[in-house]
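Visitor: Input structure: entry32.txt, which contains compact mmCIF, C-alpha atoms.
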```
# COMPACT_ATOMS: atom_id res chain seq x y z
CA MET B 1 125.09 111.56 110.74
CA ILE B 2 121.37 111.28 110.24
CA GLY B 3 119.43 108.17 111.07
CA ARG B 4 122.10 106.54 113.25
CA PRO B 5 122.03 104.98 115.69
CA VAL B 6 118.55 103.53 115.95
CA SER B 7 118.05 100.15 117.53
CA ALA B 8 115.16 98.62 115.57
CA PRO B 9 116.03 97.99 111.91
CA ALA B 10 112.52 98.85 110.74
CA ALA B 11 112.82 102.28 112.31
CA PHE B 12 116.01 103.10 110.43
CA GLY B 13 114.37 104.22 107.25
CA TRP B 14 111.57 106.28 108.63
CA ASN B 15 113.68 107.97 111.21
CA GLY B 16 116.41 108.63 108.67
CA ILE B 17 114.20 110.21 106.02
CA LYS B 18 112.14 112.09 108.60
CA ARG B 19 115.25 113.60 110.11
CA LEU B 20 116.63 114.37 106.67
CA LYS B 21 113.44 116.26 105.79
CA GLU B 22 113.64 118.22 109.04
CA SER B 23 117.28 119.06 108.44
CA LEU B 24 117.03 119.96 104.76
CA PRO B 25 116.11 123.64 105.18
CA GLU B 26 119.36 124.11 107.08
CA LEU B 27 121.38 121.74 104.88
CA LEU B 28 120.30 123.54 101.74
CA LYS B 29 122.32 126.54 102.84
CA GLU B 30 125.43 124.55 101.94
CA ARG B 31 126.77 125.14 98.44
CA LYS B 32 128.09 121.59 98.13
CA LEU B 33 126.41 118.65 99.73
CA LEU B 34 126.79 114.89 99.48
CA ILE B 35 123.89 112.75 100.64
CA THR B 36 124.49 109.01 100.86
CA ALA B 37 121.79 106.40 101.28
CA THR B 38 121.17 102.76 100.55
CA PRO B 39 120.46 102.08 96.85
CA SER B 40 116.83 101.35 97.67
CA GLY B 41 116.51 104.65 99.53
CA LEU B 42 117.80 106.89 96.74
CA PRO B 43 114.46 107.84 95.12
CA THR B 44 112.98 108.79 98.49
CA VAL B 45 115.99 110.92 99.33
CA ALA B 46 115.99 112.55 95.88
CA LEU B 47 112.30 113.33 96.18
CA ALA B 48 112.78 114.88 99.63
CA VAL B 49 115.65 117.01 98.32
CA ILE B 50 113.67 118.24 95.31
CA CYS B 51 110.54 119.02 97.32
CA SER B 52 112.50 120.81 100.00
CA GLY B 53 114.69 122.52 97.42
CA LEU B 54 111.65 123.85 95.59
CA LYS B 55 110.26 125.19 98.85
CA GLU B 56 113.40 126.63 100.40
CA SER B 57 115.56 127.67 97.50
CA LYS B 58 114.93 130.72 95.40
CA CYS B 59 116.59 129.32 92.30
CA PRO B 60 115.30 126.60 89.99
CA LEU B 61 116.63 123.06 90.01
CA ILE B 62 118.33 120.91 87.44
CA PHE B 63 117.78 117.28 88.31
CA ILE B 64 120.19 114.87 86.64
CA SER B 65 119.20 111.24 86.80
CA ILE B 66 121.82 108.59 86.08
CA ASP B 67 120.53 105.55 84.21
CA ARG B 68 116.86 106.01 85.14
CA PRO B 69 114.42 108.00 83.00
CA SER B 70 113.81 111.30 84.71
CA ASP B 71 110.08 111.16 83.99
CA VAL B 72 109.86 108.67 86.87
CA MET B 73 111.06 111.42 89.21
CA SER B 74 108.90 113.99 87.47
CA ARG B 75 105.82 111.89 88.20
CA LEU B 76 106.87 111.51 91.83
CA VAL B 77 107.45 115.24 92.26
CA LYS B 78 104.07 116.08 90.72
CA ARG B 79 102.35 113.51 92.88
CA HIS B 80 104.07 114.23 96.18
CA CYS B 81 105.20 117.87 96.03
CA GLY B 82 102.68 119.47 93.67
CA SER B 83 104.04 121.47 90.78
CA ASP B 84 107.47 120.81 89.29
CA ASP B 85 107.52 123.89 87.09
CA ASP B 86 110.88 124.99 88.48
CA VAL B 87 112.62 121.68 87.85
CA VAL B 88 114.50 120.89 84.67
CA TYR B 89 115.06 117.17 84.23
CA LYS B 90 117.93 115.62 82.40
CA ASP B 91 118.59 111.92 82.35
CA MET B 92 121.36 109.72 81.13
CA VAL B 93 119.46 106.86 79.53
CA CYS B 94 119.18 105.24 76.15
CA THR B 95 115.89 106.12 74.55
CA GLY B 96 115.77 103.31 72.05
CA ILE B 97 117.38 101.48 69.20
CA GLY B 98 119.59 103.73 67.12
CA ASP B 99 120.11 106.18 69.96
CA LEU B 100 123.49 107.54 68.96
CA GLN B 101 124.17 108.92 72.38
CA CYS B 102 124.13 105.37 73.65
CA VAL B 103 126.30 104.02 70.88
CA ASN B 104 128.87 106.77 71.31
CA GLY B 105 128.61 107.02 75.05
CA LEU B 106 125.95 108.27 77.43
CA PHE B 107 128.63 109.72 79.32
CA ALA B 108 129.69 111.91 82.13
CA PRO B 109 131.67 114.70 80.47
CA LYS B 110 128.75 115.64 78.26
CA LEU B 111 126.22 115.35 81.02
CA LEU B 112 126.50 118.76 82.56
CA PHE B 113 126.60 120.48 79.21
CA ASP B 114 123.45 118.58 78.20
CA ALA B 115 121.79 119.56 81.44
CA PHE B 116 122.36 123.24 80.74
CA VAL B 117 121.09 122.85 77.20
CA ALA B 118 117.98 121.18 78.62
CA ALA B 119 117.63 124.06 81.05
CA GLY B 120 117.54 126.39 78.07
CA LYS B 121 120.40 128.68 79.06
CA SER B 122 124.00 128.25 80.03
CA ASP B 123 124.34 131.00 82.60
CA GLY B 124 121.38 130.37 84.87
CA LYS B 125 121.71 130.21 88.63
CA TYR B 126 120.61 126.68 89.30
CA THR B 127 120.80 124.15 92.05
CA VAL B 128 122.05 120.96 90.43
CA VAL B 129 120.93 117.69 91.97
CA VAL B 130 122.67 114.57 90.67
CA SER B 131 120.92 111.38 91.66
CA ASN B 132 122.36 107.86 91.70
CA MET B 133 125.89 109.13 91.10
CA SER B 134 127.54 105.78 91.71
CA ALA B 135 125.77 104.31 88.66
CA LEU B 136 128.12 106.46 86.55
CA SER B 137 130.72 103.78 87.12
CA PHE B 138 128.79 101.29 85.00
CA TYR B 139 129.30 103.45 81.92
CA ASN B 140 132.33 105.62 82.53
CA SER B 141 136.01 105.32 83.25
CA ASN B 142 137.29 106.96 86.41
CA ASP B 143 138.86 109.71 84.32
CA ARG B 144 135.55 110.59 82.75
CA ILE B 145 133.86 110.72 86.10
CA LYS B 146 136.58 112.97 87.42
CA GLU B 147 136.09 115.20 84.39
CA PHE B 148 132.41 115.51 85.25
CA MET B 149 133.17 116.42 88.85
CA THR B 150 135.76 118.96 87.74
CA ALA B 151 133.21 120.55 85.42
CA LEU B 152 130.75 120.79 88.28
CA GLU B 153 133.36 122.38 90.52
CA LYS B 154 134.30 124.86 87.84
CA LYS B 155 130.71 125.95 87.31
CA LEU B 156 130.26 126.42 91.01
CA ALA B 157 133.49 128.41 91.33
CA GLU B 158 132.44 130.63 88.44
CA GLY B 159 129.23 131.33 90.27
CA ARG B 160 127.15 129.82 87.49
CA LEU B 161 125.65 127.33 89.87
CA GLU B 162 124.06 128.18 93.16
CA ARG B 163 124.44 124.80 94.77
CA ILE B 164 125.37 121.20 94.00
CA ILE B 165 123.80 118.23 95.71
CA LEU B 166 125.09 114.75 94.99
CA ILE B 167 122.96 111.77 95.98
CA MET B 168 124.46 108.30 95.90
CA ASP B 169 125.14 105.07 97.68
CA ASN B 170 128.68 104.40 98.79
CA LYS B 171 129.20 101.04 97.09
CA GLU B 172 131.47 102.40 94.39
CA GLN B 173 134.47 103.62 96.38
CA TYR B 174 136.18 105.68 93.69
CA ILE B 175 133.15 107.88 93.02
CA TYR B 176 132.24 107.99 96.67
CA GLN B 177 135.69 109.22 97.71
CA LEU B 178 135.73 111.68 94.82
CA ALA B 179 132.32 113.04 95.76
CA LYS B 180 133.34 113.21 99.39
CA SER B 181 136.48 115.19 98.68
CA PHE B 182 134.53 117.45 96.34
CA THR B 183 131.71 118.32 98.70
CA GLY B 184 133.35 118.19 102.08
CA LYS B 185 129.99 117.72 103.79
CA GLU B 186 128.36 114.32 103.87
CA ILE B 187 124.97 113.34 105.21
CA ASP B 188 124.35 109.62 105.59
CA VAL B 189 120.71 108.60 105.54
CA GLU B 190 120.08 105.09 106.75
CA GLY B 191 117.32 103.05 105.16
CA CYS B 192 114.69 104.52 102.87
CA MET I 1 130.63 89.67 86.53
CA GLY I 2 129.41 92.97 87.86
CA GLY I 3 128.63 91.53 91.26
CA GLU I 4 130.85 93.89 93.21
CA LYS I 5 129.35 97.12 91.96
CA MET I 6 125.80 95.88 91.76
CA ALA I 7 123.60 96.84 94.69
CA ARG I 8 121.70 93.86 96.10
CA ILE I 9 118.78 93.35 98.41
CA HIS I 10 118.17 90.38 100.66
CA THR I 11 115.42 88.04 99.57
CA GLY I 12 114.39 86.93 103.05
CA ILE I 13 114.43 83.33 101.81
CA SER I 14 116.77 81.30 103.97
CA GLY I 15 119.60 79.85 101.86
CA LEU I 16 118.77 81.73 98.67
CA ASP I 17 120.97 84.83 99.03
CA GLU I 18 124.03 82.61 99.33
CA MET I 19 123.20 81.14 95.92
CA MET I 20 123.40 84.52 94.18
CA GLN I 21 126.09 86.81 95.56
CA GLY I 22 124.01 88.07 98.45
CA GLY I 23 120.60 88.86 97.00
CA PHE I 24 118.64 90.15 94.01
CA ALA I 25 120.35 92.84 91.96
CA PHE I 26 118.74 96.19 92.69
CA PRO I 27 116.87 97.26 90.64
CA SER I 28 115.86 94.26 88.54
CA THR I 29 112.94 92.13 87.40
CA VAL I 30 112.50 88.52 88.45
CA LEU I 31 110.21 85.76 87.23
CA VAL I 32 109.28 83.15 89.84
CA ALA I 33 107.66 80.31 87.94
CA GLY I 34 106.02 77.14 89.13
CA SER I 35 102.89 75.03 89.04
CA ALA I 36 100.15 75.21 91.66
CA GLY I 37 101.32 74.72 95.23
CA THR I 38 105.04 75.09 94.60
CA GLY I 39 105.28 78.13 96.90
CA LYS I 40 105.24 81.14 94.55
CA THR I 41 103.00 83.33 96.70
CA THR I 42 104.83 82.35 99.90
CA PHE I 43 108.11 83.25 98.16
CA THR I 44 106.86 86.71 97.24
CA LEU I 45 105.35 87.46 100.64
CA GLN I 46 108.53 86.40 102.37
CA PHE I 47 110.39 88.75 100.04
CA LEU I 48 108.07 91.65 100.87
CA ALA I 49 108.20 90.87 104.60
CA GLU I 50 111.99 91.03 104.49
CA GLY I 51 111.79 94.46 102.89
CA ALA I 52 109.28 95.69 105.48
CA LYS I 53 111.63 94.53 108.21
CA ARG I 54 114.31 96.71 106.66
CA GLY I 55 112.09 99.77 106.44
CA GLU I 56 111.29 99.36 102.73
CA GLN I 57 107.94 99.67 101.05
CA GLY I 58 106.34 96.73 99.26
CA LEU I 59 103.49 96.65 96.78
CA PHE I 60 101.65 93.42 96.06
CA PHE I 61 99.40 93.34 92.99
CA THR I 62 97.05 90.40 92.89
CA THR I 63 95.46 89.44 89.61
CA LEU I 64 92.88 86.71 89.47
CA SER I 65 94.49 83.97 91.48
CA GLU I 66 92.39 84.45 94.59
CA PRO I 67 90.98 87.34 96.63
CA THR I 68 93.62 89.01 98.79
CA GLN I 69 91.97 88.15 102.12
CA TRP I 70 92.03 84.42 101.37
CA MET I 71 95.63 84.49 100.37
CA LEU I 72 96.55 86.43 103.54
CA ARG I 73 94.48 84.15 105.72
CA PHE I 74 96.41 81.11 104.60
CA VAL I 75 99.81 82.72 105.00
CA SER I 76 99.05 84.47 108.30
CA GLU I 77 100.55 81.66 110.38
CA PHE I 78 104.04 82.00 108.92
CA SER I 79 106.48 83.41 111.48
CA PHE I 80 107.78 86.01 109.01
CA ILE I 81 104.37 87.65 108.69
CA ASP I 82 104.04 90.84 110.72
CA LYS I 83 100.44 91.97 110.37
CA GLU I 84 101.44 95.45 111.56
CA THR I 85 103.06 95.93 108.17
CA PHE I 86 99.90 95.11 106.16
CA GLY I 87 98.50 98.26 104.63
CA ARG I 88 101.54 100.20 105.84
CA GLN I 89 104.88 98.94 104.53
CA ILE I 90 103.17 96.23 102.48
CA LYS I 91 100.24 97.40 100.41
CA PHE I 92 97.91 95.09 98.52
CA VAL I 93 96.28 96.16 95.29
CA ASP I 94 93.73 93.99 93.51
CA LEU I 95 93.88 94.16 89.72
CA GLY I 96 91.08 91.62 89.44
CA GLY I 97 88.35 94.22 89.03
CA MET I 98 90.05 95.77 86.03
CA LEU I 99 90.88 92.40 84.51
CA ARG I 100 87.34 91.08 84.78
CA LYS I 101 85.90 93.94 82.74
CA LYS I 102 84.89 92.99 79.22
CA ASP I 103 86.46 96.12 77.78
CA ARG I 104 89.73 95.59 79.66
CA ASP I 105 92.42 97.81 78.28
CA PRO I 106 96.12 96.85 78.75
CA GLU I 107 97.17 100.50 78.54
CA LYS I 108 94.80 101.48 81.32
CA LEU I 109 96.02 98.55 83.37
CA LEU I 110 99.60 99.65 82.92
CA ALA I 111 98.72 103.25 83.79
CA PHE I 112 96.96 102.04 86.93
CA ILE I 113 99.98 99.98 88.00
CA GLU I 114 102.23 102.99 87.45
CA GLU I 115 99.89 105.23 89.38
CA GLN I 116 100.04 102.86 92.35
CA ILE I 117 103.83 102.68 92.18
CA THR I 118 104.09 106.47 92.04
CA GLU I 119 101.77 106.76 95.01
CA HIS I 120 103.46 104.23 97.28
CA MET I 121 107.08 104.42 96.06
CA PRO I 122 107.88 100.76 96.76
CA GLN I 123 111.35 99.25 96.69
CA ARG I 124 109.78 95.81 96.26
CA ILE I 125 106.96 95.02 93.84
CA VAL I 126 105.10 91.76 93.22
CA ILE I 127 102.58 90.91 90.51
CA ASP I 128 101.01 87.56 91.38
CA PRO I 129 100.42 85.87 88.97
CA VAL I 130 101.21 87.86 85.85
CA SER I 131 100.46 84.89 83.58
CA VAL I 132 96.72 85.27 84.26
CA ILE I 133 96.82 88.61 82.46
CA GLY I 134 98.07 86.79 79.37
CA GLU I 135 95.04 84.54 79.30
CA LEU I 136 92.78 87.58 79.35
CA ILE I 137 94.41 89.99 76.95
CA LYS I 138 95.82 87.34 74.60
CA ASP I 139 97.09 89.11 71.44
CA GLU I 140 98.26 92.17 73.29
CA TYR I 141 100.05 90.20 76.01
CA ARG I 142 103.55 90.34 74.53
CA THR I 143 103.40 94.10 74.06
CA PHE I 144 101.92 94.47 77.53
CA LEU I 145 104.70 92.38 79.07
CA PHE I 146 107.36 94.36 77.27
CA ASP I 147 105.87 97.69 78.39
CA LEU I 148 105.33 96.42 81.92
CA THR I 149 108.88 95.15 82.43
CA THR I 150 110.36 98.25 80.82
CA HIS I 151 108.43 100.44 83.25
CA LEU I 152 109.30 98.23 86.19
CA LYS I 153 112.99 98.35 85.28
CA ASP I 154 112.87 102.14 85.15
CA TRP I 155 111.56 102.15 88.66
CA GLN I 156 114.04 101.80 91.51
CA ALA I 157 112.72 98.49 92.75
CA VAL I 158 113.06 94.75 92.54
CA SER I 159 109.93 93.46 90.86
CA ILE I 160 108.86 89.84 91.05
CA LEU I 161 106.39 88.53 88.52
CA THR I 162 105.04 85.10 89.26
CA GLY I 163 104.12 82.76 86.43
CA GLU I 164 101.78 79.81 86.67
CA VAL I 165 102.71 76.81 84.60
CA LEU I 166 101.45 73.28 84.10
CA PRO I 167 103.54 70.62 85.84
CA SER I 168 104.80 69.55 82.41
CA GLU I 169 106.28 72.97 81.50
CA PRO I 170 109.10 74.51 83.55
CA TYR I 171 108.41 78.23 83.01
CA PRO I 172 106.49 80.66 80.78
CA VAL I 173 108.91 81.29 77.94
CA GLU I 174 107.39 84.60 76.86
CA ILE I 175 108.17 86.16 80.25
CA SER I 176 111.57 84.57 80.73
CA TYR I 177 113.12 86.53 77.84
CA ILE I 178 112.24 89.95 79.19
CA VAL I 179 113.12 89.62 82.87
CA ASP I 180 116.59 89.76 84.40
CA SER I 181 116.21 86.61 86.48
CA VAL I 182 114.25 83.39 86.35
CA ILE I 183 113.67 81.17 89.38
CA ILE I 184 111.83 77.89 88.97
CA LEU I 185 109.95 76.22 91.79
CA SER I 186 109.02 72.63 91.08
CA TYR I 187 108.15 69.22 92.42
CA GLY I 188 110.26 66.16 91.95
CA LEU I 189 111.05 62.82 93.42
CA SER I 190 113.88 62.61 95.91
CA PRO I 191 116.41 59.75 95.59
CA GLU I 192 114.31 57.93 98.22
CA GLY I 193 111.24 58.27 96.06
CA SER I 194 109.31 60.86 98.07
CA ARG I 195 107.85 63.97 96.42
CA ARG I 196 109.89 67.08 97.30
CA LYS I 197 109.95 70.72 96.34
CA TYR I 198 112.90 72.18 94.49
CA LEU I 199 114.23 75.62 93.65
CA GLU I 200 116.44 76.37 90.67
CA ILE I 201 117.97 79.62 89.47
CA LEU I 202 117.73 79.34 85.72
CA LYS I 203 118.93 82.80 84.76
CA MET I 204 120.30 85.76 86.69
CA ARG I 205 121.89 88.56 84.72
CA GLY I 206 125.05 90.10 86.17
CA THR I 207 125.23 87.48 88.88
CA GLN I 208 127.30 84.39 89.51
CA HIS I 209 124.70 81.99 90.80
CA THR I 210 124.47 78.41 91.89
CA SER I 211 122.91 76.22 89.25
CA GLY I 212 120.86 73.04 89.44
CA GLN I 213 117.85 72.09 91.52
CA HIS I 214 118.10 72.46 95.28
CA LEU I 215 115.86 71.12 97.95
CA MET I 216 113.27 73.58 99.21
CA ASP I 217 111.18 73.23 102.35
CA VAL I 218 108.14 75.26 103.29
CA GLY I 219 107.78 75.32 107.06
CA LYS I 220 106.55 77.62 109.82
CA ASP I 221 109.34 80.08 109.02
CA GLY I 222 108.53 80.08 105.33
CA ILE I 223 110.76 78.82 102.55
CA THR I 224 114.21 77.41 103.29
CA VAL I 225 116.54 76.34 100.50
CA THR I 226 119.24 73.81 101.23
CA VAL I 227 122.01 74.18 98.68
CA GLY I 228 123.42 70.92 97.48
CA LEU I 229 120.62 68.72 98.73
CA LYS I 230 118.68 66.98 95.98
```
Turn this file's structure into structure tokens for me.
Guide:
Amino acid sequence: MIGRPVSAPAAFGWNGIKRLKESLPELLKERKLLITATPSGLPTVALAVICSGLKESKCPLIFISIDRPSDVMSRLVKRHCGSDDDVVYKDMVCTGIGDLQCVNGLFAPKLLFDAFVAAGKSDGKYTVVVSNMSALSFYNSNDRIKEFMTALEKKLAEGRLERIILIMDNKEQYIYQLAKSFTGKEIDVEGC
Amino acid sequence: MGGEKMARIHTGISGLDEMMQGGFAFPSTVLVAGSAGTGKTTFTLQFLAEGAKRGEQGLFFTTLSEPTQWMLRFVSEFSFIDKETFGRQIKFVDLGGMLRKKDRDPEKLLAFIEEQITEHMPQRIVIDPVSVIGELIKDEYRTFLFDLTTHLKDWQAVSILTGEVLPSEPYPVEISYIVDSVIILSYGLSPEGSRRKYLEILKMRGTQHTSGQHLMDVGKDGITVTVGLK
């Protein structure tokens, strides 16, 4: 458990993210990792994971952003970590009126496939980072979410993914429990 | 209502969270509207101070209401103000310089706001007051507002825009359509005939909220809302 217990509430966030950053080189040796944080802390955690991942990991990253445009994260990575040449971004957002993906479903089962298409090849050795996982529940049934997780697991088992990192809050119990059982290793970052 | 799944953050305003399922939906955009002296700036600073207390970052953009130091000087006596957080967890950015320029460019202004957000990564953002920008960029204001709120919604933050209105108008209509929530601060006469301040949640998407005007006091501890008192 990272970031607990700390007595002063204001110190929660800074201690939590600081300790997460210190621990990431070691944590990134895990093939499956679940990082939970408060909703307001998710971008900071995602940024720390990407920056550390770029530094420590030999393979490129696919960053999947649920319901936020990924260019927000791209700007953050460029600003705070330097180059993001080794990151492929894929988001699950509606781009505008007439966006068929939104009409038909901006949805979990297709997400991983889309991410690989965005990455330009389907057999690359990538670290996949999924940010704001619990937001999937706004748009998907539990079955669809499970389908997405199963697809992730399959890719990892086939050796087509190097590592999977799920970042989420734990408000949505179904996804949280699913992610927990999938990864086996959970890091809880208090604050932001 | 999606209240159960929706993440929420505490406002820091005593009595307000209870009116709206525990706090502002996160992320979301909020308009706090009111005429002069109704407590808009106090509201937003109390909101940022609450975030700082919880280890969050806050970004306060001032437009042309008054220079930052004067605003801070007048609020410095509130008990919720922790000056240690100024310039650290709460950062102040003055947009006045850009707005005063004759060749002011809404796109540049938007880019500057985004740059500041990217730099500081706030969970709480305030633009106080946004309505001043409308007076300066006139024809382009609607487009600017649309672009601004779209960008703010993309960001993982709760953004409060304050809107100045005349005592005769409740809120700036053009902003109310594009934000997720509208809170009105106003004056009115109590049943005993004395002038009192009131708070009303007019709109709050995805939230079951208390309706009607509720008595609002501004004291040493900042704003307190008493639900049910008229």
Visitor: Using all atoms listed in the file, find the one residue out of B:Cys81, B:Ala157, B:Ile62, B:Leu111 that sits nearest to Tyr126 of chain B.
Guide: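 Of B:Cys81, B:Ala157, B:Ile62, B:Leu111, the one nearest Tyr126 of chain B, counting all atoms listed in the file, is B:Ile62.
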Visitor: Dump as a list in words the residues of chain I that approach chain B to within 8 Å, counting all atoms listed in the file.
Guide: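 Applying the cut-off to the listed atoms yields Lys5, Ala7, Phe26, Ala52, Lys53, Arg54, Gly55, Glu56, Thr118, Glu119, Met121, Gln123, Asp154, Trp155, Gln156 and Ala157 of chain I.
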Visitor: Write the residues you've just listed into a file as an mmCIF file, keeping the file's coordinate frame, and include C-alpha atoms for each of them.
Guide:
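Saved as part.cif:
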```cif
data_model
loop_
_atom_site.group_PDB
_atom_site.id
_atom_site.type_symbol
_atom_site.label_atom_id
_atom_site.label_comp_id
_atom_site.auth_asym_id
_atom_site.auth_seq_id
_atom_site.Cartn_x
_atom_site.Cartn_y
_atom_site.Cartn_z
ATOM 1 C CA LYS I 5 129.350 97.120 91.960
ATOM 2 C CA ALA I 7 123.600 96.840 94.690
ATOM 3 C CA PHE I 26 118.740 96.190 92.690
ATOM 4 C CA ALA I 52 109.280 95.690 105.480
ATOM 5 C CA LYS I 53 111.630 94.530 108.210
ATOM 6 C CA ARG I 54 114.310 96.710 106.660
ATOM 7 C CA GLY I 55 112.090 99.770 106.440
ATOM 8 C CA GLU I 56 111.290 99.360 102.730
ATOM 9 C CA THR I 118 104.090 106.470 92.040
ATOM 10 C CA GLU I 119 101.770 106.760 95.010
ATOM 11 C CA MET I 121 107.080 104.420 96.060
ATOM 12 C CA GLN I 123 111.350 99.250 96.690
ATOM 13 C CA ASP I 154 112.870 102.140 85.150
ATOM 14 C CA TRP I 155 111.560 102.150 88.660
ATOM 15 C CA GLN I 156 114.040 101.800 91.510
ATOM 16 C CA ALA I 157 112.720 98.490 92.750
#
```
Visitor: Could you pull the residues within 9 Å of Val225 of chain I, counting all atoms listed in the file, minus those fewer than 2 positions along the same chain, as a list in words?
Guide: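 Near neighbours after the sequence-gap exclusion: Ile13, Ser14, Gly15, Leu16, Tyr198, Leu199, His214, Leu215, Met216, Asp217, Val218, Ile223, Val227 and Leu229 of chain I.
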Visitor: Find, counting all atoms listed in the file, the residue in B:Val88, B:Ala46, B:Leu33, B:Ile66 that gets nearest to Gly184 of chain B.
Guide: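 The closest residue to Gly184 of chain B is B:Leu33.
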Visitor: Suppose you want the space between atom CA of Gly23 of chain I and atom CA of Pro172 of chain I; what is it in Å?
Guide: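 Interatomic distance, atom CA of Gly23 of chain I to atom CA of Pro172 of chain I: 23.0 Å.
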Visitor: Determine the nearest neighbour of Arg124 of chain I from the options I:Ile183, I:Leu152, I:Thr42, I:Thr226, counting only C-alpha atoms.
Guide: I:Leu152
Visitor: Scan for residues within 12 Å of the point (109.3, 83.1, 85.8) in the coordinates of the file, using all atoms listed in the file, and reply as a ChimeraX atom specification.
Guide: /I:29-35,40,127-131,159-165,169-186,199-204
Visitor: Using only C-alpha atoms, please write the residues we just selected to a file, as an mmCIF file, keeping the file's coordinate frame.
Guide:
```cif
data_model
loop_
_atom_site.group_PDB
_atom_site.id
_atom_site.type_symbol
_atom_site.label_atom_id
_atom_site.label_comp_id
_atom_site.auth_asym_id
_atom_site.auth_seq_id
_atom_site.Cartn_x
_atom_site.Cartn_y
_atom_site.Cartn_z
ATOM 1 C CA THR I 29 112.940 92.130 87.400
ATOM 2 C CA VAL I 30 112.500 88.520 88.450
ATOM 3 C CA LEU I 31 110.210 85.760 87.230
ATOM 4 C CA VAL I 32 109.280 83.150 89.840
ATOM 5 C CA ALA I 33 107.660 80.310 87.940
ATOM 6 C CA GLY I 34 106.020 77.140 89.130
ATOM 7 C CA SER I 35 102.890 75.030 89.040
ATOM 8 C CA LYS I 40 105.240 81.140 94.550
ATOM 9 C CA ILE I 127 102.580 90.910 90.510
ATOM 10 C CA ASP I 128 101.010 87.560 91.380
ATOM 11 C CA PRO I 129 100.420 85.870 88.970
ATOM 12 C CA VAL I 130 101.210 87.860 85.850
ATOM 13 C CA SER I 131 100.460 84.890 83.580
ATOM 14 C CA SER I 159 109.930 93.460 90.860
ATOM 15 C CA ILE I 160 108.860 89.840 91.050
ATOM 16 C CA LEU I 161 106.390 88.530 88.520
ATOM 17 C CA THR I 162 105.040 85.100 89.260
ATOM 18 C CA GLY I 163 104.120 82.760 86.430
ATOM 19 C CA GLU I 164 101.780 79.810 86.670
ATOM 20 C CA VAL I 165 102.710 76.810 84.600
ATOM 21 C CA GLU I 169 106.280 72.970 81.500
ATOM 22 C CA PRO I 170 109.100 74.510 83.550
ATOM 23 C CA TYR I 171 108.410 78.230 83.010
ATOM 24 C CA PRO I 172 106.490 80.660 80.780
ATOM 25 C CA VAL I 173 108.910 81.290 77.940
ATOM 26 C CA GLU I 174 107.390 84.600 76.860
ATOM 27 C CA ILE I 175 108.170 86.160 80.250
ATOM 28 C CA SER I 176 111.570 84.570 80.730
ATOM 29 C CA TYR I 177 113.120 86.530 77.840
ATOM 30 C CA ILE I 178 112.240 89.950 79.190
ATOM 31 C CA VAL I 179 113.120 89.620 82.870
ATOM 32 C CA ASP I 180 116.590 89.760 84.400
ATOM 33 C CA SER I 181 116.210 86.610 86.480
ATOM 34 C CA VAL I 182 114.250 83.390 86.350
ATOM 35 C CA ILE I 183 113.670 81.170 89.380
ATOM 36 C CA ILE I 184 111.830 77.890 88.970
ATOM 37 C CA LEU I 185 109.950 76.220 91.790
ATOM 38 C CA SER I 186 109.020 72.630 91.080
ATOM 39 C CA LEU I 199 114.230 75.620 93.650
ATOM 40 C CA GLU I 200 116.440 76.370 90.670
ATOM 41 C CA ILE I 201 117.970 79.620 89.470
ATOM 42 C CA LEU I 202 117.730 79.340 85.720
ATOM 43 C CA LYS I 203 118.930 82.800 84.760
ATOM 44 C CA MET I 204 120.300 85.760 86.690
#
```
Visitor: Neighbourhood query: residues within 12 Å of (99.1, 99.5, 81.9), file coordinates, counting only C-alpha atoms; return as a VMD selection string.
Guide: chain I and resid 95 98 to 99 104 to 117 133 137 140 to 141 143 to 152
Visitor: What does the file look like for those residues with C-alpha atoms, as a compact mmCIF listing (two decimals), in the coordinates of the input?
Guide:
```
# COMPACT_ATOMS: atom_id res chain seq x y z
CA LEU I 95 93.88 94.16 89.72
CA MET I 98 90.05 95.77 86.03
CA LEU I 99 90.88 92.40 84.51
CA ARG I 104 89.73 95.59 79.66
CA ASP I 105 92.42 97.81 78.28
CA PRO I 106 96.12 96.85 78.75
CA GLU I 107 97.17 100.50 78.54
CA LYS I 108 94.80 101.48 81.32
CA LEU I 109 96.02 98.55 83.37
CA LEU I 110 99.60 99.65 82.92
CA ALA I 111 98.72 103.25 83.79
CA PHE I 112 96.96 102.04 86.93
CA ILE I 113 99.98 99.98 88.00
CA GLU I 114 102.23 102.99 87.45
CA GLU I 115 99.89 105.23 89.38
CA GLN I 116 100.04 102.86 92.35
CA ILE I 117 103.83 102.68 92.18
CA ILE I 133 96.82 88.61 82.46
CA ILE I 137 94.41 89.99 76.95
CA GLU I 140 98.26 92.17 73.29
CA TYR I 141 100.05 90.20 76.01
CA THR I 143 103.40 94.10 74.06
CA PHE I 144 101.92 94.47 77.53
CA LEU I 145 104.70 92.38 79.07
CA PHE I 146 107.36 94.36 77.27
CA ASP I 147 105.87 97.69 78.39
CA LEU I 148 105.33 96.42 81.92
CA THR I 149 108.88 95.15 82.43
CA THR I 150 110.36 98.25 80.82
CA HIS I 151 108.43 100.44 83.25
CA LEU I 152 109.30 98.23 86.19
```
Visitor: Here is a test: counting all atoms listed in the file, which residue of B:Arg19, B:Arg160, B:Lys90, B:Lys180 is nearest to Leu34 of chain B?
Guide: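 Residue with the minimum atom-to-atom distance to Leu34 of chain B: B:Lys180.
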